[in-house]
Each structure stands twice: as structure tokens, then as C-alpha cells.
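Presented below is the structure to which this report refers.
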Amino acid sequence: MIRLRLNKNKANEHDIHECAVSQIKFHNKVDYSRFYNRLRNPFVKAKELKLVARLKVFLKKNYEILEVGCGEGSNLYYLNNCHPDANFTGVDFSKEKISFMGRILSQMKGVVADATMLPFAAQTYDFTLMRDLLHHVNWARADVLREAVRVTKIGGHVVIIESQPDSILNKLFMLFFPEERGMKDSTIEKLRKLCSGYSYRIETCEKLYLVRACSFFLGWPKGIGRFLLYPVYGVVALVEDIIGKIRPSCRTNVIIIIDVQ
Ligand SMILES: C[S@@+](CC[C@H](N)C(=O)[O-])C[C@H]1O[C@@H](n2cnc3c(N)ncnc32)[C@H](O)[C@@H]1O
């Protein structure tokens with residue numbers, strides 16, 4: 001049974017508890033479609049490879065690497081491909097996701113735990129990743145970040161990837177999925193405030209999410225279906241590319257790199 005640390009000083013503790021419970025329900029099940037899209041759909045895979053190219057500059061041989069809120073483990077899978085000699089640990093509060101990761105990616109260590117109370121000693125990891133986690137722990141962002149920094153070695157990095165509330169697709173996503181509405185608090189200004197006690201920098205991660213949104217609805221079927229979808233994805237990827245060039249300032253998510261000191 002997972003325990004969540006709630007902030008006792010908050011008057012709206014009941015609301016916080018409701019949010020936490022709805023997040024646990026929302027994330028409980030394994031998201032097969034998301035995992036296999038990232039690994040098998042060539043259009044999504046291309047995006048994942050670009051992302052991992054940005055992360056791998058922080059990794060070295062034999063590093064201890066942690067992802068908090070690792071889900072099914074696709075990020076660890078890609079990082080492991082770049083650094084097979086590193087050690088990988090994924091934490092998530094969904095027992096089902098962690099056991100799926102254990103079956104599919106047996107080289108990873110999976111731990112069921114809450115991001116606000118990581119069961120690791122201080123300075124255990126060289127690199128700690130949190131991708132699309134903060135907006136799901138809105139009531140405890142500072143605690144989650146503090147924990148990530150605590151378990152990361154001095155000289156190491158904590159990397160946060162967070163979706164942006166001003167992106168049109170994310171706005172739609174928030175409309176249909178109340179559990180995603182924590183994104184509203186992931187504006188650049190608020191993320192800067194959250195990280196203000198640390199040495200950090202913020203960069204744009206992905207400009208647009210059209211291909212990813214398409215994969216959310218269409219997936220990547222087995223057999224002949226994928227050949228039929230290929231041109232559809234191709235057109236969407238082209239449109240995404242063109243919009244990105246016409247509007248260079250648009251961004252769907254950001255990457256924050258914290259140097260742990
Ligand atoms: C949007 S998913 C992202 C998963 C993964 N980082 C990825 O990029 O595929 C958010 C993940 O965070 C996990 N999560 C949410 N709140 C958490 C918490 N308080 N402690 C641990 N994991 C949490 C969810 O179970 C889910 O797997």
C-alpha cells in the first residue's frame with residue numbers, strides 16, 4: 001500500500017487527498033499504447049531518440065541513473081541503449097507499471113514508492129530524471145524536487161521535463177483529463193520559482209505535439225495497419241515540422257537541468 005506525504009500545513013488537506021487519490025487511480029494501469037508507441041512507432045521513436053540525445057550528454061560509464069515517476073520505463077530503456085554499462089533504477093507509485101517494467105526490461109531495478117519519500121540514501125545517483133511527473137504531484141512539487149536533489153550526488157544532475165500549459169494540444173488534454181490540470185502550474189515563471197534555490201537552466205524540449213497526439217489516438221498497429229497509417233503519420237510529422245519553422249517560439253514542453261551542488 002503506497003503512502004503519500006500530504007502537507008499538514010495546508011488548510012485544504014481534504015482536497016489534496018482527493019487529488020492524490022485520483023492521481024493514483026489515473027496512473028494505476030499499465031499504458032501499453034504509450035510504451036509501445038515510444039519503442040515501435042518510428043515517428044514517435046524519432047522524437048524519443050532526439051530527446052535521449054539531449055540527455056545522454058549528462059551520462060557517463062557506470063553511472064547510477066534514476067527516474068522518478070518512470071511509468072512503464074521507456075525513458076530508462078532509451079538511456080540504457082546509450083549506456084548499457086550504467087545502472088538503472090525506476091521509481092513509480094504504480095505497482096502494475098513497475099512489475100510490467102520488471103518483466104519487459106529485466107535489467108532495470110524497479111521500486112514502488114512515492115516521489116515525496118524516496119527510499120534511497122542521500123547522494124546515491126549521478127543522474128535523476130523526472131519526465132511529466134511534477135504536474136501530477138501539484139500539491140508537493142517542492143518536496144518531490146527536494147527528494148530528487150537529495151538522492152543525487154554532488155556534481156550530478158536532476159533533469160525535469162514538463163509539459164507547458166500554453167500549448168493548444170495540452171490545453172485540450174487538460175480539458176478532457178482533469179488529472180492533467182496540474183500542467184496549469186508548470187508555466188516557465190512557476191517552474192523558475194520552484195527551482196530558484198538551485199543552480200539550473202531551462203531550455204525548450206519539444207515545440208509541438210502533433211505526432212504524439214496522433215499516436216495517442218491511432219497508436220501503431222501490428223501487421224498491415226501500420227502501412228496504412230504510415231502516410232497519415234508522415235503528413236502529420238510534416239505539418240508539425242512546418243508549423244515549428246513558421247512559429248519558432250512555440251513549445252509544448254521544457255527541459256530543466258539542475259546542477260546538484
Ligand atoms: C505522465 S506519466 C510519465 C511516465 C514516464 N516518466 C514517461 O515519461 O513515460 C507520470 C508517471 O508518474 C507516476 N507518478 C505520479 N505521481 C507519483 C508519485 N507521487 N510518486 C511516484 N510516481 C508517481 C505515475 O504513476 C506515472 O507513471
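So you can find residues: chains in the C-alpha cells are A, B, ... in the order shown, residues in each start at 1, and ligands are numbered from 1 in order.
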Hey, which residues come within 6 Å of ligand 1 if we count only C-alpha atoms and all ligand atoms? Could you give them as a list in words? His27, Gly69, Cys70, Gly71, Ser74, Asp92, Phe93, Ser94, Ala113, Asp114, Ala115, Arg131, Asp132, Leu133, His136 and Val137 of chain A
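Here the residues within region 21-134 of chain A that DSSP labels strand (DSSP E or B) on the basis of the backbone are Glu64, Ile65, Leu66, Glu67, Val68, Asn87, Phe88, Thr89, Gly90, Val91, Asp92, Lys109, Gly110, Val111, Val112, Tyr125, Asp126, Phe127, Thr128, Leu129, Met130 and Arg131 of chain A.
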Output N, CA, C and O atoms for every residue in the selection just made, as a short mmCIF file (atom, residue, chain, number, x, y, z; two decimals), in the first residue's frame.
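Generated file (part28.cif):
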```
data_model
loop_
_atom_site.label_atom_id
_atom_site.label_comp_id
_atom_site.auth_asym_id
_atom_site.auth_seq_id
_atom_site.Cartn_x
_atom_site.Cartn_y
_atom_site.Cartn_z
N GLU A 64 25.06 5.76 -11.92
CA GLU A 64 23.83 5.31 -11.27
C GLU A 64 22.73 6.26 -11.74
O GLU A 64 22.79 7.47 -11.50
N ILE A 65 21.74 5.72 -12.44
CA ILE A 65 20.71 6.56 -13.06
C ILE A 65 19.34 6.22 -12.48
O ILE A 65 18.97 5.05 -12.36
N LEU A 66 18.60 7.29 -12.13
CA LEU A 66 17.28 7.10 -11.51
C LEU A 66 16.23 7.86 -12.32
O LEU A 66 16.47 8.99 -12.74
N GLU A 67 15.08 7.23 -12.51
CA GLU A 67 13.94 8.02 -12.99
C GLU A 67 12.84 7.94 -11.95
O GLU A 67 12.42 6.85 -11.54
N VAL A 68 12.37 9.11 -11.52
CA VAL A 68 11.27 9.17 -10.56
C VAL A 68 9.98 9.36 -11.37
O VAL A 68 9.90 10.26 -12.21
N ASN A 87 23.87 1.73 -14.31
CA ASN A 87 22.85 1.02 -13.53
C ASN A 87 21.58 1.85 -13.48
O ASN A 87 21.65 3.06 -13.19
N PHE A 88 20.45 1.21 -13.72
CA PHE A 88 19.20 1.96 -13.86
C PHE A 88 18.19 1.57 -12.79
O PHE A 88 17.95 0.38 -12.56
N THR A 89 17.58 2.60 -12.19
CA THR A 89 16.52 2.36 -11.21
C THR A 89 15.32 3.23 -11.60
O THR A 89 15.48 4.41 -11.93
N GLY A 90 14.15 2.63 -11.55
CA GLY A 90 12.92 3.40 -11.81
C GLY A 90 12.01 3.32 -10.60
O GLY A 90 11.85 2.26 -10.00
N VAL A 91 11.47 4.49 -10.24
CA VAL A 91 10.53 4.55 -9.12
C VAL A 91 9.17 4.98 -9.65
O VAL A 91 9.09 5.92 -10.45
N ASP A 92 8.13 4.32 -9.20
CA ASP A 92 6.78 4.77 -9.54
C ASP A 92 5.84 4.28 -8.46
O ASP A 92 6.12 3.27 -7.81
N LYS A 109 16.14 -1.89 -12.23
CA LYS A 109 15.62 -2.12 -10.88
C LYS A 109 14.36 -1.27 -10.72
O LYS A 109 14.41 -0.05 -10.94
N GLY A 110 13.27 -1.89 -10.38
CA GLY A 110 12.02 -1.13 -10.20
C GLY A 110 11.64 -1.06 -8.73
O GLY A 110 11.74 -2.04 -8.01
N VAL A 111 11.25 0.13 -8.30
CA VAL A 111 10.88 0.33 -6.89
C VAL A 111 9.52 1.01 -6.84
O VAL A 111 9.30 2.03 -7.50
N VAL A 112 8.61 0.43 -6.06
CA VAL A 112 7.30 1.06 -5.87
C VAL A 112 7.42 2.02 -4.68
O VAL A 112 7.68 1.58 -3.56
N TYR A 125 22.57 8.71 -6.55
CA TYR A 125 22.51 8.68 -8.02
C TYR A 125 23.33 9.81 -8.66
O TYR A 125 23.45 10.89 -8.09
N ASP A 126 23.83 9.53 -9.88
CA ASP A 126 24.57 10.55 -10.62
C ASP A 126 23.62 11.38 -11.47
O ASP A 126 23.92 12.53 -11.79
N PHE A 127 22.51 10.77 -11.84
CA PHE A 127 21.58 11.45 -12.77
C PHE A 127 20.16 11.04 -12.39
O PHE A 127 19.86 9.85 -12.28
N THR A 128 19.31 12.04 -12.16
CA THR A 128 17.92 11.75 -11.78
C THR A 128 16.99 12.47 -12.75
O THR A 128 17.09 13.67 -12.95
N LEU A 129 16.08 11.69 -13.36
CA LEU A 129 15.16 12.24 -14.35
C LEU A 129 13.74 12.24 -13.79
O LEU A 129 13.32 11.30 -13.12
N MET A 130 13.00 13.32 -14.11
CA MET A 130 11.57 13.36 -13.79
C MET A 130 10.86 13.90 -15.02
O MET A 130 10.94 15.10 -15.30
N ARG A 131 10.25 13.03 -15.79
CA ARG A 131 9.60 13.46 -17.04
C ARG A 131 8.08 13.40 -16.84
O ARG A 131 7.53 12.34 -16.53
#
```
Can you pull out the residues contacting Ala121 (chain A)? Cut-off 12 Å, using only C-alpha atoms, and skip same-chain residues under 4 positions away; I want them as a ChimeraX atom specification. /A:117,125,147-153
Please produce a file of the residues just selected, as a short mmCIF file (atom, residue, chain, number, x, y, z; two decimals), in the first residue's frame, where the atoms kept are N, CA, C and O atoms.
```cif
data_model
loop_
_atom_site.label_atom_id
_atom_site.label_comp_id
_atom_site.auth_asym_id
_atom_site.auth_seq_id
_atom_site.Cartn_x
_atom_site.Cartn_y
_atom_site.Cartn_z
N MET A 117 8.81 10.60 -0.94
CA MET A 117 9.56 9.88 0.11
C MET A 117 10.39 8.79 -0.56
O MET A 117 10.02 7.61 -0.51
N TYR A 125 22.57 8.71 -6.55
CA TYR A 125 22.51 8.68 -8.02
C TYR A 125 23.33 9.81 -8.66
O TYR A 125 23.45 10.89 -8.09
N GLU A 147 13.48 15.89 -2.78
CA GLU A 147 13.86 14.48 -2.68
C GLU A 147 14.79 14.08 -3.84
O GLU A 147 15.77 13.37 -3.65
N ALA A 148 14.43 14.54 -5.05
CA ALA A 148 15.25 14.20 -6.23
C ALA A 148 16.67 14.74 -6.05
O ALA A 148 17.66 14.05 -6.34
N VAL A 149 16.76 15.98 -5.55
CA VAL A 149 18.09 16.59 -5.35
C VAL A 149 18.83 15.86 -4.22
O VAL A 149 20.02 15.57 -4.33
N ARG A 150 18.11 15.51 -3.17
CA ARG A 150 18.74 14.82 -2.02
C ARG A 150 19.43 13.51 -2.46
O ARG A 150 20.54 13.23 -2.03
N VAL A 151 18.74 12.73 -3.31
CA VAL A 151 19.31 11.41 -3.66
C VAL A 151 20.34 11.50 -4.79
O VAL A 151 20.93 10.49 -5.16
N THR A 152 20.55 12.71 -5.32
CA THR A 152 21.52 12.88 -6.42
C THR A 152 22.86 13.37 -5.86
O THR A 152 22.90 14.21 -4.97
N LYS A 153 23.92 12.80 -6.41
CA LYS A 153 25.26 13.14 -5.91
C LYS A 153 25.64 14.58 -6.24
O LYS A 153 25.22 15.10 -7.29
#
```
Near Gly182 (chain A), within 9 Å and counting only C-alpha atoms, which residues show up once chain neighbours fewer than 3 positions away are dropped, as a ChimeraX atom specification? /A:134-138,165,174,178-179,185-186
Saved selection, atoms kept: N, CA and C atoms, as a PDB file, in the first residue's frame:
```pdb
ATOM      1  N   LEU A 134       5.935  16.270 -12.420  1.00  0.00           N
ATOM      2  CA  LEU A 134       5.583  17.364 -11.493  1.00  0.00           C
ATOM      3  C   LEU A 134       4.113  17.758 -11.568  1.00  0.00           C
ATOM      4  N   HIS A 135       3.528  17.771 -12.770  1.00  0.00           N
ATOM      5  CA  HIS A 135       2.133  18.227 -12.832  1.00  0.00           C
ATOM      6  C   HIS A 135       1.159  17.195 -12.261  1.00  0.00           C
ATOM      7  N   HIS A 136       1.688  16.020 -11.904  1.00  0.00           N
ATOM      8  CA  HIS A 136       0.829  15.026 -11.245  1.00  0.00           C
ATOM      9  C   HIS A 136       1.018  15.035  -9.728  1.00  0.00           C
ATOM     10  N   VAL A 137       1.936  15.841  -9.236  1.00  0.00           N
ATOM     11  CA  VAL A 137       2.146  15.931  -7.775  1.00  0.00           C
ATOM     12  C   VAL A 137       2.101  17.411  -7.384  1.00  0.00           C
ATOM     13  N   ASN A 138       1.057  18.056  -7.878  1.00  0.00           N
ATOM     14  CA  ASN A 138       0.992  19.503  -7.769  1.00  0.00           C
ATOM     15  C   ASN A 138       1.066  20.018  -6.337  1.00  0.00           C
ATOM     16  N   PRO A 165       1.455  24.578 -20.219  1.00  0.00           N
ATOM     17  CA  PRO A 165       0.006  24.811 -20.269  1.00  0.00           C
ATOM     18  C   PRO A 165      -0.439  25.711 -21.419  1.00  0.00           C
ATOM     19  N   MET A 174      -5.866  18.929 -21.044  1.00  0.00           N
ATOM     20  CA  MET A 174      -6.302  19.293 -19.682  1.00  0.00           C
ATOM     21  C   MET A 174      -7.826  19.340 -19.590  1.00  0.00           C
ATOM     22  N   PRO A 178      -8.932  15.689 -16.254  1.00  0.00           N
ATOM     23  CA  PRO A 178      -8.721  16.563 -15.092  1.00  0.00           C
ATOM     24  C   PRO A 178      -7.401  16.261 -14.372  1.00  0.00           C
ATOM     25  N   GLU A 179      -6.945  15.014 -14.442  1.00  0.00           N
ATOM     26  CA  GLU A 179      -5.701  14.636 -13.744  1.00  0.00           C
ATOM     27  C   GLU A 179      -4.476  15.320 -14.357  1.00  0.00           C
ATOM     28  N   ASP A 185       0.116  24.771 -13.602  1.00  0.00           N
ATOM     29  CA  ASP A 185       1.146  25.318 -12.709  1.00  0.00           C
ATOM     30  C   ASP A 185       2.560  25.039 -13.199  1.00  0.00           C
ATOM     31  N   SER A 186       2.670  24.666 -14.457  1.00  0.00           N
ATOM     32  CA  SER A 186       4.007  24.413 -14.999  1.00  0.00           C
ATOM     33  C   SER A 186       4.436  25.499 -15.977  1.00  0.00           C
TER      34      SER A 186
END
```
Return as an NGL selection string the full set of residues in region 36-155 of chain A whose backbone-based DSSP assignment is helix (DSSP H, G or I). :A and (36-40 or 42-58 or 74-82 or 95-104 or 134-136 or 138-150)
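In terms of minimum interatomic distance to His157 (chain A), A:Thr124 ranks closest within A:Ser99, A:Thr124, A:Thr204, A:Asn75, counting only C-alpha atoms.
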Choose the residue, out of A:Ala53, A:Leu238, A:Ile255, A:Phe35, that has the smallest atom-to-atom separation from Tyr200 (chain A); count only C-alpha atoms. A:Ile255
